[in-house]
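Structure below is data.cif: mmCIF, C-alpha atoms.
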```cif
data_coords
loop_
_atom_site.label_atom_id
_atom_site.label_comp_id
_atom_site.auth_asym_id
_atom_site.auth_seq_id
_atom_site.Cartn_x
_atom_site.Cartn_y
_atom_site.Cartn_z
CA MET A 20 0.00 0.00 0.00
CA ALA A 21 1.56 3.27 -1.15
CA HIS A 22 -0.34 5.41 1.35
CA TRP A 23 1.49 6.08 4.62
CA ILE A 24 -1.28 4.36 6.60
CA GLY A 25 0.08 1.07 5.29
CA LYS A 26 2.76 1.29 7.97
CA ALA A 27 0.13 0.58 10.66
CA THR A 28 0.58 -3.08 11.55
CA ASN A 29 -2.51 -3.73 13.69
CA ILE A 30 -5.84 -2.27 14.78
CA GLU A 31 -4.40 -0.86 18.01
CA GLU A 32 -1.97 1.25 15.98
CA LEU A 33 -4.87 2.56 13.90
CA ARG A 34 -6.64 3.39 17.18
CA ALA A 35 -3.63 5.42 18.33
CA LEU A 36 -3.57 7.34 15.05
CA ALA A 37 -7.31 8.05 15.31
CA ARG A 38 -6.89 9.28 18.88
CA LYS A 39 -4.15 11.67 17.81
CA ARG A 40 -6.22 13.18 14.99
CA LEU A 41 -9.64 13.46 16.64
CA PRO A 42 -10.88 15.93 19.23
CA ARG A 43 -11.45 14.24 22.57
CA SER A 44 -15.26 14.33 22.43
CA PHE A 45 -15.35 12.53 19.08
CA PHE A 46 -12.71 9.98 19.99
CA GLU A 47 -14.38 9.11 23.29
CA PHE A 48 -17.76 8.73 21.59
CA LEU A 49 -16.11 6.25 19.24
CA ASP A 50 -13.91 4.46 21.73
CA ARG A 51 -15.66 4.27 25.09
CA GLY A 52 -18.52 2.29 26.61
CA THR A 53 -21.05 3.20 29.28
CA GLU A 54 -21.01 3.89 33.02
CA ASP A 55 -17.98 2.07 34.55
CA GLU A 56 -17.15 0.40 31.21
CA VAL A 57 -17.29 -3.08 32.70
CA ALA A 58 -18.96 -4.53 29.60
CA LEU A 59 -16.48 -2.76 27.31
CA GLU A 60 -13.49 -4.29 29.09
CA ASN A 61 -15.14 -7.70 29.42
CA ASN A 62 -15.77 -7.89 25.66
CA ARG A 63 -12.03 -8.00 25.12
CA ALA A 64 -11.21 -10.08 28.21
CA ALA A 65 -13.73 -12.77 27.25
CA LEU A 66 -12.20 -13.10 23.79
CA GLN A 67 -8.69 -13.23 25.22
CA ARG A 68 -9.61 -16.06 27.60
CA ILE A 69 -10.44 -18.33 24.67
CA LYS A 70 -7.52 -20.26 23.20
CA LEU A 71 -7.19 -21.95 19.81
CA ASN A 72 -6.34 -25.61 19.23
CA ALA A 73 -3.81 -26.00 16.42
CA ARG A 74 -3.23 -29.03 14.19
CA ALA A 75 0.27 -29.81 12.91
CA LEU A 76 1.54 -31.39 9.69
CA VAL A 77 -1.43 -30.25 7.61
CA ASP A 78 -0.96 -28.93 4.06
CA VAL A 79 -2.34 -25.37 4.28
CA THR A 80 -1.12 -24.03 0.94
CA LYS A 81 -4.70 -23.58 -0.35
CA ARG A 82 -6.35 -21.52 2.36
CA SER A 83 -9.63 -19.70 1.69
CA GLN A 84 -11.66 -17.46 3.98
CA GLN A 85 -14.62 -17.11 1.65
CA ILE A 86 -18.07 -17.70 3.11
CA GLU A 87 -21.62 -17.75 1.77
CA LEU A 88 -24.29 -15.68 3.52
CA PHE A 89 -27.90 -15.23 2.37
CA GLY A 90 -27.02 -17.09 -0.82
CA LYS A 91 -24.16 -14.76 -1.75
CA ARG A 92 -20.45 -15.40 -1.59
CA GLN A 93 -18.17 -12.92 0.18
CA GLU A 94 -14.41 -12.77 0.34
CA MET A 95 -13.90 -12.79 4.11
CA PRO A 96 -16.07 -13.61 7.13
CA VAL A 97 -16.60 -10.03 8.30
CA ILE A 98 -19.20 -7.33 7.66
CA ILE A 99 -19.00 -3.61 8.38
CA SER A 100 -21.23 -2.99 11.39
CA PRO A 101 -23.74 -0.10 11.39
CA THR A 102 -22.11 2.82 13.21
CA GLY A 103 -23.48 6.34 13.00
CA VAL A 104 -20.27 8.28 13.43
CA ALA A 105 -18.02 7.62 10.41
CA GLY A 106 -19.09 10.82 8.66
CA LEU A 107 -18.14 12.88 11.72
CA LEU A 108 -14.71 11.28 12.02
CA TRP A 109 -13.75 11.95 8.40
CA TYR A 110 -15.38 14.02 5.66
CA ASP A 111 -17.64 11.65 3.71
CA GLY A 112 -16.50 8.93 6.09
CA GLU A 113 -19.43 6.63 5.37
CA VAL A 114 -18.68 6.73 1.64
CA ALA A 115 -15.01 5.98 2.34
CA LEU A 116 -15.87 3.02 4.54
CA ALA A 117 -18.47 1.67 2.10
CA ARG A 118 -15.96 1.86 -0.76
CA ALA A 119 -13.42 -0.06 1.29
CA ALA A 120 -16.02 -2.73 2.03
CA ALA A 121 -16.95 -3.02 -1.64
CA ALA A 122 -13.29 -3.41 -2.60
CA ALA A 123 -12.89 -6.12 0.05
CA GLY A 124 -15.94 -8.00 -1.24
CA ILE A 125 -17.97 -7.71 1.97
CA PRO A 126 -21.28 -6.01 2.91
CA PHE A 127 -21.43 -2.51 4.37
CA SER A 128 -24.16 -1.69 6.91
CA LEU A 129 -25.35 1.91 7.05
CA ALA A 130 -26.76 3.21 10.34
CA THR A 131 -29.91 5.29 10.74
CA THR A 132 -27.82 7.96 12.50
CA SER A 133 -25.29 8.33 9.66
CA VAL A 134 -24.83 11.72 8.02
CA ALA A 135 -24.57 10.32 4.48
CA ALA A 136 -27.83 9.40 2.77
CA LEU A 137 -28.25 5.75 1.86
CA GLU A 138 -28.99 6.73 -1.75
CA GLU A 139 -25.64 8.52 -1.88
CA ILE A 140 -23.83 5.46 -0.51
CA ALA A 141 -25.51 3.23 -3.10
CA GLU A 142 -24.54 5.57 -5.95
CA ARG A 143 -21.00 6.50 -4.94
CA ALA A 144 -19.72 3.36 -3.25
CA GLY A 145 -21.51 0.44 -4.87
CA GLY A 146 -21.02 -2.97 -3.34
CA ARG A 147 -23.46 -4.76 -1.06
CA LEU A 148 -25.45 -2.36 1.10
CA TRP A 149 -27.32 -3.31 4.27
CA TYR A 150 -29.42 -0.81 6.19
CA GLN A 151 -29.87 -0.60 9.96
CA VAL A 152 -33.13 0.79 11.30
CA TYR A 153 -34.62 1.69 14.67
CA MET A 154 -38.36 1.34 15.12
CA TRP A 155 -39.37 4.82 16.25
CA PRO A 156 -42.34 5.39 18.58
CA GLU A 157 -44.09 6.90 15.54
CA ARG A 158 -43.82 3.74 13.47
CA LYS A 159 -44.66 5.30 10.11
CA LEU A 160 -41.38 7.25 10.22
CA SER A 161 -39.40 4.02 10.34
CA TYR A 162 -41.41 2.52 7.50
CA GLU A 163 -40.67 5.58 5.37
CA MET A 164 -36.98 4.84 5.79
CA ILE A 165 -37.53 1.16 5.04
CA ASP A 166 -39.20 2.17 1.78
CA ARG A 167 -36.14 4.30 0.97
CA ALA A 168 -33.85 1.38 1.72
CA ARG A 169 -35.82 -0.84 -0.64
CA ALA A 170 -35.76 1.78 -3.41
CA ALA A 171 -32.00 2.26 -2.98
CA GLY A 172 -31.40 -1.45 -3.50
CA CYS A 173 -30.42 -2.36 0.05
CA GLU A 174 -29.93 -6.09 0.30
CA ALA A 175 -30.68 -6.68 3.99
CA LEU A 176 -32.34 -4.87 6.88
CA ILE A 177 -30.98 -4.82 10.42
CA LEU A 178 -33.46 -4.00 13.20
CA THR A 179 -31.67 -2.87 16.38
CA VAL A 180 -33.66 -3.91 19.46
CA ASP A 181 -31.40 -3.23 22.45
CA GLY A 182 -32.11 0.48 22.87
CA ALA A 183 -35.44 0.68 24.69
CA VAL A 184 -34.10 3.60 26.76
CA SER A 185 -31.07 5.86 26.46
CA PRO A 186 -27.79 4.47 27.84
CA ASN A 187 -25.79 6.31 30.49
CA ARG A 188 -22.68 7.57 28.71
CA GLU A 189 -21.47 10.13 31.22
CA TYR A 190 -18.41 11.18 29.23
CA ASN A 191 -20.66 12.43 26.42
CA VAL A 192 -22.34 14.84 28.84
CA ARG A 193 -18.98 16.09 30.11
CA ASN A 194 -17.73 16.52 26.54
CA GLY A 195 -20.86 18.25 25.24
CA TYR A 196 -21.43 15.35 22.82
CA THR A 197 -25.19 15.45 23.21
CA ALA A 198 -28.24 15.92 21.01
CA PRO A 199 -27.90 18.67 19.98
CA PHE A 200 -24.12 18.96 20.12
CA ARG A 201 -23.33 21.46 22.90
CA PHE A 202 -20.47 23.90 22.43
CA THR A 203 -18.38 24.49 25.56
CA THR A 204 -15.11 26.27 26.23
CA ARG A 205 -13.53 22.86 26.71
CA ASN A 206 -14.62 21.20 23.50
CA VAL A 207 -14.09 24.31 21.36
CA ALA A 208 -10.52 24.55 22.66
CA ASP A 209 -10.07 20.85 21.95
CA VAL A 210 -11.22 21.26 18.34
CA LEU A 211 -8.79 24.15 17.87
CA MET A 212 -6.00 21.87 19.10
CA HIS A 213 -6.82 19.36 16.34
CA PRO A 214 -6.52 21.46 13.17
CA ARG A 215 -6.38 18.47 10.81
CA TRP A 216 -9.84 17.36 11.90
CA MET A 217 -11.16 20.93 12.19
CA LEU A 218 -10.14 21.87 8.64
CA GLY A 219 -10.28 18.50 6.93
CA THR A 220 -13.62 17.34 8.32
CA LEU A 221 -15.64 20.08 10.00
CA GLY A 222 -14.33 22.79 7.69
CA ARG A 223 -15.20 20.85 4.55
CA TYR A 224 -18.76 20.29 5.75
CA VAL A 225 -19.16 23.99 6.47
CA VAL A 226 -17.81 24.97 3.04
CA ASN A 227 -19.92 22.35 1.24
CA GLY A 228 -23.37 23.07 2.61
CA GLY A 229 -23.05 23.65 6.33
CA MET A 230 -23.09 21.45 9.40
CA PRO A 231 -23.90 17.77 8.72
CA GLU A 232 -27.39 16.45 9.31
CA PHE A 233 -28.98 13.06 9.82
CA LYS A 234 -29.92 12.43 6.21
CA ASN A 235 -31.44 9.03 6.92
CA TYR A 236 -34.13 10.50 9.12
CA PRO A 237 -37.51 11.18 7.51
CA LYS A 238 -37.61 14.64 5.98
CA GLU A 239 -40.08 16.06 8.49
CA VAL A 240 -37.76 15.36 11.44
CA ARG A 241 -34.39 15.83 9.77
CA GLU A 242 -32.14 18.38 11.48
CA LYS A 243 -28.48 19.36 11.59
CA VAL A 244 -26.45 17.87 14.44
CA THR A 245 -26.34 21.27 16.16
CA SER A 246 -30.06 22.08 15.86
CA ARG A 247 -31.92 22.71 19.11
CA LYS A 248 -34.87 20.76 17.69
CA ILE A 249 -32.88 17.58 17.39
CA GLU A 250 -33.35 16.36 20.98
CA ARG A 251 -37.08 15.85 20.64
CA ARG A 252 -36.83 14.57 17.08
CA THR A 253 -34.15 11.89 17.34
CA LEU A 254 -36.45 9.37 18.92
CA ILE A 255 -34.44 6.22 18.26
CA ASN A 256 -35.06 4.92 21.79
CA ASN A 257 -38.42 3.20 21.93
CA PRO A 258 -39.69 1.60 25.17
CA SER A 259 -42.79 0.28 23.37
CA LEU A 260 -40.90 -1.89 20.85
CA ASN A 261 -42.10 -5.52 21.01
CA TRP A 262 -42.30 -8.77 19.04
CA GLU A 263 -45.42 -7.64 17.19
CA ASP A 264 -43.25 -4.95 15.59
CA VAL A 265 -40.91 -7.67 14.32
CA LYS A 266 -43.87 -9.56 12.87
CA GLU A 267 -45.12 -6.42 11.10
CA LEU A 268 -41.67 -5.62 9.79
CA ARG A 269 -41.33 -9.15 8.46
CA ARG A 270 -44.48 -8.64 6.41
CA ALA A 271 -43.20 -5.30 5.05
CA TRP A 272 -39.64 -6.34 4.15
CA GLN A 273 -39.03 -9.10 1.63
CA GLY A 274 -35.23 -9.32 1.88
CA PRO A 275 -33.06 -10.77 4.65
CA LEU A 276 -34.12 -9.46 8.08
CA ILE A 277 -31.52 -9.43 10.88
CA ILE A 278 -32.40 -8.77 14.53
CA LYS A 279 -29.50 -7.00 16.28
CA GLY A 280 -29.07 -7.00 20.04
CA ILE A 281 -29.99 -10.62 20.86
CA MET A 282 -28.21 -11.79 24.02
CA ASN A 283 -30.02 -14.95 25.17
CA ALA A 284 -31.33 -18.18 23.72
CA LEU A 285 -35.01 -17.42 24.39
CA ASP A 286 -34.91 -14.20 22.37
CA ALA A 287 -33.00 -15.96 19.61
CA ARG A 288 -35.74 -18.57 19.29
CA LEU A 289 -38.42 -15.87 19.36
CA ALA A 290 -36.60 -13.94 16.63
CA VAL A 291 -36.60 -17.01 14.38
CA SER A 292 -40.26 -17.77 15.10
CA HIS A 293 -41.16 -14.17 14.18
CA GLY A 294 -39.46 -14.41 10.80
CA ALA A 295 -35.86 -13.27 11.33
CA ASP A 296 -33.41 -14.51 8.71
CA ALA A 297 -30.48 -14.05 11.11
CA VAL A 298 -29.79 -12.96 14.67
CA LEU A 299 -26.95 -10.65 15.63
CA VAL A 300 -25.53 -11.37 19.07
CA SER A 301 -24.47 -7.95 20.36
CA ASN A 302 -24.18 -5.88 23.52
CA HIS A 303 -23.77 -2.73 21.41
CA GLY A 304 -20.01 -2.77 21.84
CA GLY A 305 -20.38 -2.40 25.61
CA ARG A 306 -22.18 0.91 25.11
CA ASN A 307 -25.64 0.21 26.54
CA LEU A 308 -26.04 -2.18 29.53
CA ASP A 309 -22.81 -2.14 31.51
CA ALA A 310 -23.65 -5.39 33.35
CA ALA A 311 -24.19 -7.33 30.11
CA PRO A 312 -22.04 -10.39 29.38
CA ALA A 313 -19.77 -10.39 26.35
CA PRO A 314 -21.45 -11.59 23.15
CA ILE A 315 -18.75 -14.24 22.70
CA GLU A 316 -19.78 -15.70 26.09
CA VAL A 317 -23.42 -16.24 25.07
CA LEU A 318 -22.76 -17.06 21.42
CA PRO A 319 -22.48 -20.85 21.87
CA GLU A 320 -25.79 -21.20 23.72
CA ILE A 321 -27.57 -19.05 21.13
CA ALA A 322 -26.06 -21.02 18.25
CA ASP A 323 -27.13 -24.25 19.95
CA ALA A 324 -30.63 -22.92 20.66
CA ILE A 325 -31.52 -22.19 17.03
CA GLY A 326 -29.70 -25.22 15.68
CA GLY A 327 -28.51 -23.82 12.37
CA THR A 328 -31.98 -22.74 11.25
CA VAL A 329 -30.68 -19.22 10.48
CA PRO A 330 -27.19 -17.66 10.52
CA VAL A 331 -25.89 -16.35 13.82
CA LEU A 332 -23.85 -13.16 13.54
CA VAL A 333 -21.87 -11.52 16.34
CA ASP A 334 -20.12 -8.23 17.14
CA SER A 335 -18.47 -6.29 20.01
CA GLY A 336 -14.77 -6.31 20.81
CA PHE A 337 -13.25 -8.00 17.74
CA ARG A 338 -9.80 -6.45 17.24
CA ARG A 339 -7.79 -9.38 15.85
CA GLY A 340 -8.19 -11.96 13.14
CA SER A 341 -7.87 -14.61 15.86
CA ASP A 342 -10.96 -13.12 17.53
CA VAL A 343 -12.91 -13.68 14.32
CA ILE A 344 -11.71 -17.28 14.13
CA LYS A 345 -12.84 -17.88 17.73
CA ALA A 346 -16.34 -16.63 16.95
CA LEU A 347 -16.65 -18.80 13.85
CA ALA A 348 -15.52 -21.83 15.84
CA LEU A 349 -18.18 -21.14 18.49
CA GLY A 350 -21.06 -20.99 16.02
CA ALA A 351 -21.03 -17.61 14.27
CA SER A 352 -21.49 -17.41 10.51
CA ALA A 353 -19.73 -14.03 10.31
CA VAL A 354 -18.49 -11.20 12.53
CA LEU A 355 -19.52 -7.55 12.30
CA ILE A 356 -16.70 -5.05 12.81
CA GLY A 357 -17.43 -1.57 14.18
CA ARG A 358 -14.63 0.26 15.96
CA GLY A 359 -11.80 -1.53 14.16
CA THR A 360 -12.60 -0.09 10.74
CA LEU A 361 -13.71 3.24 12.23
CA TYR A 362 -10.22 3.73 13.68
CA GLY A 363 -8.80 3.35 10.20
CA THR A 364 -11.38 5.71 8.70
CA ALA A 365 -10.74 8.33 11.39
CA ALA A 366 -6.99 8.13 10.84
CA ALA A 367 -6.86 8.30 7.04
CA GLY A 368 -10.27 8.08 5.39
CA GLU A 369 -10.69 5.47 2.67
CA PRO A 370 -7.05 4.27 2.71
CA GLY A 371 -7.37 3.83 6.48
CA ALA A 372 -10.52 1.76 6.10
CA HIS A 373 -8.79 -0.34 3.44
CA ARG A 374 -5.84 -0.86 5.78
CA ALA A 375 -8.07 -1.99 8.66
CA LEU A 376 -9.76 -4.60 6.49
CA GLN A 377 -6.41 -5.68 5.08
CA ILE A 378 -5.16 -6.23 8.64
CA TYR A 379 -8.15 -8.42 9.50
CA ARG A 380 -7.79 -10.38 6.27
CA THR A 381 -4.06 -10.99 6.80
CA GLU A 382 -4.50 -12.00 10.42
CA ILE A 383 -7.36 -14.39 9.66
CA ASP A 384 -5.28 -16.02 6.92
CA ARG A 385 -2.24 -16.32 9.18
CA VAL A 386 -4.23 -17.87 12.04
CA MET A 387 -5.81 -20.37 9.66
CA GLY A 388 -2.35 -21.43 8.51
CA LEU A 389 -1.02 -21.77 12.05
CA MET A 390 -4.05 -23.82 13.06
CA GLY A 391 -3.77 -26.23 10.15
CA CYS A 392 -7.03 -25.01 8.63
CA CYS A 393 -7.70 -24.49 4.91
CA SER A 394 -11.41 -23.68 5.03
CA LEU A 395 -13.49 -21.88 7.64
CA SER A 396 -15.99 -24.73 7.42
CA GLU A 397 -13.42 -26.89 9.23
CA LEU A 398 -13.80 -24.80 12.41
CA GLY A 399 -15.95 -25.98 15.29
CA ALA A 400 -16.05 -26.41 19.05
CA HIS A 401 -13.00 -28.68 18.75
CA SER A 402 -11.01 -25.68 17.49
CA VAL A 403 -11.16 -23.73 20.74
CA ARG A 404 -10.35 -24.21 24.37
CA THR A 405 -12.59 -22.37 26.80
CA ALA A 406 -13.07 -22.45 30.56
CA ARG A 407 -15.74 -25.10 30.01
CA SER A 408 -13.70 -27.30 27.67
#
```
As structure tokens, what does this structure read like?
Amino acid sequence: MAHWIGKATNIEELRALARKRLPRSFFEFLDRGTEDEVALENNRAALQRIKLNARALVDVTKRSQQIELFGKRQEMPVIISPTGVAGLLWYDGEVALARAAAAAGIPFSLATTSVAALEEIAERAGGRLWYQVYMWPERKLSYEMIDRARAAGCEALILTVDGAVSPNREYNVRNGYTAPFRFTTRNVADVLMHPRWMLGTLGRYVVNGGMPEFKNYPKEVREKVTSRKIERRTLINNPSLNWEDVKELRRAWQGPLIIKGIMNALDARLAVSHGADAVLVSNHGGRNLDAAPAPIEVLPEIADAIGGTVPVLVDSGFRRGSDVIKALALGASAVLIGRGTLYGTAAAGEPGAHRALQIYRTEIDRVMGLMGCCSLSELGAHSVRTARS
């Protein structure tokens, strides 16, 4: 890779570069969890406790990490997770990340809270586009966005269900990273101390139309991120969401439907019985319920509970290719990556996103070789050593 970002050798180095470039409020929104960050830390600790069983004297010259998901082949077992911050970390960050995903031959998931419109992503980035939606208290607003997703050619729909109420992210309040964004002496000074982000990201938005807005909100509630109206209009938290909503959504959406935020076997079975085509085991990257277990800890019981009837996806805390291998061995069909590729995007835009995916690809390939594994289909419970094994 000719770009200087190619010198980054792992995701942690991309994280350090992102931290250096971003103002504190934006980096902490990207990087941190909730409350005491117990869940955030446990996501990594749980993955690190799992060990891999290697086979020796196996010919591994023909390794492949291709998988098939929803009847389509993809080049590696990862998917870009829906995260609503890429466009605030880098100018046109969602487009950059989507282009990197398309080049890597994997799906890109666009979040409701992104600042790039899904139609723009479809036109400028190409590739396989998934769309993540919240079911708002005023249901018709969500269905308007689902209609847009269908018209834009989105392949799959992800319904996020683990946000009934707002999480307690205290650092956001201290940093003024609220809805609307609150300017304080502290965060203004911090922005001024990060001129590359101020000029290269914020400045370009201001010059090219003004402050960014949530373009994937219905038109009647769409506002800029600094608008005072935004607090009462960004109603993505919905305490009334229930299984009947899933049933209605299943009737309205003909493509693959993924339920994100499943953390126990009972809900996984209910998701399948209500028409889900996949479940996504997720604790929101440790950003919602601080006492939640790590997704990798509950993944095996969920995979066992639905018995291969639909794919099981997983996210939260995956920073190494070996982490991805562990999840596949424990029953996941693929892993969604959030922060890992955002660090690359924040550090260097599209080349940074490319580098992050290249790191995952290289690490997955290396681990397969060291384990004596040529195909991901060879992985299973025998491939890992856990506290229970």
- Separation of CA of Val114 in chain A and CA of Ala168 in chain A, in Å? 16.1 Å
Selection result of the PyMOL selection byres ((chain A and resi 395) around 10) on this file, as a PDB file with C-alpha atoms, in the frame of the given file:
```
ATOM      1  CA  ARG A  82      -6.350 -21.520   2.360  1.00  0.00           C
ATOM      2  CA  SER A  83      -9.630 -19.700   1.690  1.00  0.00           C
ATOM      3  CA  GLN A  84     -11.660 -17.460   3.980  1.00  0.00           C
ATOM      4  CA  GLN A  85     -14.620 -17.110   1.650  1.00  0.00           C
ATOM      5  CA  ILE A  86     -18.070 -17.700   3.110  1.00  0.00           C
ATOM      6  CA  MET A  95     -13.900 -12.790   4.110  1.00  0.00           C
ATOM      7  CA  PRO A  96     -16.070 -13.610   7.130  1.00  0.00           C
ATOM      8  CA  ILE A 344     -11.710 -17.280  14.130  1.00  0.00           C
ATOM      9  CA  LEU A 347     -16.650 -18.800  13.850  1.00  0.00           C
ATOM     10  CA  ALA A 348     -15.520 -21.830  15.840  1.00  0.00           C
ATOM     11  CA  SER A 352     -21.490 -17.410  10.510  1.00  0.00           C
ATOM     12  CA  ILE A 383      -7.360 -14.390   9.660  1.00  0.00           C
ATOM     13  CA  MET A 387      -5.810 -20.370   9.660  1.00  0.00           C
ATOM     14  CA  CYS A 392      -7.030 -25.010   8.630  1.00  0.00           C
ATOM     15  CA  CYS A 393      -7.700 -24.490   4.910  1.00  0.00           C
ATOM     16  CA  SER A 394     -11.410 -23.680   5.030  1.00  0.00           C
ATOM     17  CA  SER A 396     -15.990 -24.730   7.420  1.00  0.00           C
ATOM     18  CA  GLU A 397     -13.420 -26.890   9.230  1.00  0.00           C
ATOM     19  CA  LEU A 398     -13.800 -24.800  12.410  1.00  0.00           C
ATOM     20  CA  GLY A 399     -15.950 -25.980  15.290  1.00  0.00           C
TER      21      GLY A 399
END
```
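Comparing A:His373, A:Arg51, A:Lys234, A:Arg339 by their smallest distance to Arg385 in chain A, the closest is A:Arg339 (using only C-alpha atoms).
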- Message: Residues within 7 Å of (-20.0, -4.2, 6.8), file coordinates, counting all atoms listed in the file: what are they? Give the list as a PyMOL selection string.
- Response: chain A and resi 97-100+120+125-128+355-356
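Each of A:Arg188, A:Arg201, A:Arg143, A:Arg269 was compared to Glu54 in chain A using only C-alpha atoms, and A:Arg188 turns out to be the nearest.
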- Let me know the residues the PyMOL selection byres ((chain A and resi 216-223) around 8) catches in the file above, as a PyMOL selection string. chain A and resi 40-42+107-110+210-211+213-215+224-227+230
Using C-alpha atoms, can you write the selected residues to a file as a compact mmCIF listing (two decimals), in the coordinates of the input?
```
# COMPACT_ATOMS: atom_id res chain seq x y z
CA ARG A 40 -6.22 13.18 14.99
CA LEU A 41 -9.64 13.46 16.64
CA PRO A 42 -10.88 15.93 19.23
CA LEU A 107 -18.14 12.88 11.72
CA LEU A 108 -14.71 11.28 12.02
CA TRP A 109 -13.75 11.95 8.40
CA TYR A 110 -15.38 14.02 5.66
CA VAL A 210 -11.22 21.26 18.34
CA LEU A 211 -8.79 24.15 17.87
CA HIS A 213 -6.82 19.36 16.34
CA PRO A 214 -6.52 21.46 13.17
CA ARG A 215 -6.38 18.47 10.81
CA TYR A 224 -18.76 20.29 5.75
CA VAL A 225 -19.16 23.99 6.47
CA VAL A 226 -17.81 24.97 3.04
CA ASN A 227 -19.92 22.35 1.24
CA MET A 230 -23.09 21.45 9.40
```
- Query: What is the CA of Ala366 in chain A to CA of Ala37 in chain A distance in Å?
  - Reply: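 Distance between the two atoms: 4.5 Å.
Computed from the coordinates, the CA of Glu163 in chain A to CA of Gly145 in chain A distance equals 22.3 Å.
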- Shortest interatomic distance to Arg193 in chain A - which of A:Ala311, A:Glu157, A:Pro275, A:Asn206, counting all atoms listed in the file: A:Asn206
Residues matched by the PyMOL selection byres ((chain A and resi 153) around 9), written as a PDB file with C-alpha atoms, in the frame of the given file:
```
ATOM      1  CA  THR A 131     -29.910   5.290  10.740  1.00  0.00           C
ATOM      2  CA  GLN A 151     -29.870  -0.600   9.960  1.00  0.00           C
ATOM      3  CA  VAL A 152     -33.130   0.790  11.300  1.00  0.00           C
ATOM      4  CA  MET A 154     -38.360   1.340  15.120  1.00  0.00           C
ATOM      5  CA  TRP A 155     -39.370   4.820  16.250  1.00  0.00           C
ATOM      6  CA  SER A 161     -39.400   4.020  10.340  1.00  0.00           C
ATOM      7  CA  ILE A 177     -30.980  -4.820  10.420  1.00  0.00           C
ATOM      8  CA  LEU A 178     -33.460  -4.000  13.200  1.00  0.00           C
ATOM      9  CA  THR A 179     -31.670  -2.870  16.380  1.00  0.00           C
ATOM     10  CA  VAL A 180     -33.660  -3.910  19.460  1.00  0.00           C
ATOM     11  CA  GLY A 182     -32.110   0.480  22.870  1.00  0.00           C
ATOM     12  CA  LEU A 254     -36.450   9.370  18.920  1.00  0.00           C
ATOM     13  CA  ILE A 255     -34.440   6.220  18.260  1.00  0.00           C
ATOM     14  CA  ASN A 256     -35.060   4.920  21.790  1.00  0.00           C
ATOM     15  CA  ASN A 257     -38.420   3.200  21.930  1.00  0.00           C
TER      16      ASN A 257
END
```
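Among the candidates A:Gln377, A:Thr360, A:Ser402, A:Asn29, the one nearest to Glu94 in chain A when counting only C-alpha atoms is A:Gln377.
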- Near Ala119 in chain A, within 7 Å and counting all atoms listed in the file, which residues show up once chain neighbours fewer than 4 positions away are dropped, as a PyMOL selection string? chain A and resi 115+123+369+372-373
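Proximity to Glu382 in chain A was assessed for A:Val343, A:Leu308, A:Leu349, A:Leu33 counting only C-alpha atoms; the smallest distance is recorded for A:Val343.
Each of A:Val184, A:Ile277, A:Ala284, A:Ala295 was compared to Glu320 in chain A using only C-alpha atoms, and A:Ala284 turns out to be the nearest.
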Output of range 168-194 of chain A limited to C-alpha atoms, as an mmCIF file, in the first residue's frame:
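Dumped to selection27.cif:
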```cif
data_model
loop_
_atom_site.group_PDB
_atom_site.id
_atom_site.type_symbol
_atom_site.label_atom_id
_atom_site.label_comp_id
_atom_site.auth_asym_id
_atom_site.auth_seq_id
_atom_site.Cartn_x
_atom_site.Cartn_y
_atom_site.Cartn_z
ATOM 1 C CA ALA A 168 -33.850 1.380 1.720
ATOM 2 C CA ARG A 169 -35.821 -0.843 -0.639
ATOM 3 C CA ALA A 170 -35.757 1.784 -3.406
ATOM 4 C CA ALA A 171 -31.999 2.262 -2.976
ATOM 5 C CA GLY A 172 -31.397 -1.447 -3.498
ATOM 6 C CA CYS A 173 -30.421 -2.363 0.051
ATOM 7 C CA GLU A 174 -29.931 -6.093 0.297
ATOM 8 C CA ALA A 175 -30.680 -6.679 3.991
ATOM 9 C CA LEU A 176 -32.344 -4.869 6.875
ATOM 10 C CA ILE A 177 -30.981 -4.820 10.421
ATOM 11 C CA LEU A 178 -33.456 -4.001 13.200
ATOM 12 C CA THR A 179 -31.668 -2.868 16.378
ATOM 13 C CA VAL A 180 -33.660 -3.908 19.457
ATOM 14 C CA ASP A 181 -31.396 -3.231 22.454
ATOM 15 C CA GLY A 182 -32.111 0.476 22.872
ATOM 16 C CA ALA A 183 -35.442 0.681 24.694
ATOM 17 C CA VAL A 184 -34.102 3.598 26.759
ATOM 18 C CA SER A 185 -31.071 5.862 26.457
ATOM 19 C CA PRO A 186 -27.788 4.472 27.840
ATOM 20 C CA ASN A 187 -25.793 6.313 30.490
ATOM 21 C CA ARG A 188 -22.676 7.570 28.706
ATOM 22 C CA GLU A 189 -21.474 10.130 31.220
ATOM 23 C CA TYR A 190 -18.407 11.175 29.232
ATOM 24 C CA ASN A 191 -20.663 12.431 26.422
ATOM 25 C CA VAL A 192 -22.340 14.844 28.842
ATOM 26 C CA ARG A 193 -18.981 16.087 30.106
ATOM 27 C CA ASN A 194 -17.725 16.521 26.536
#
```
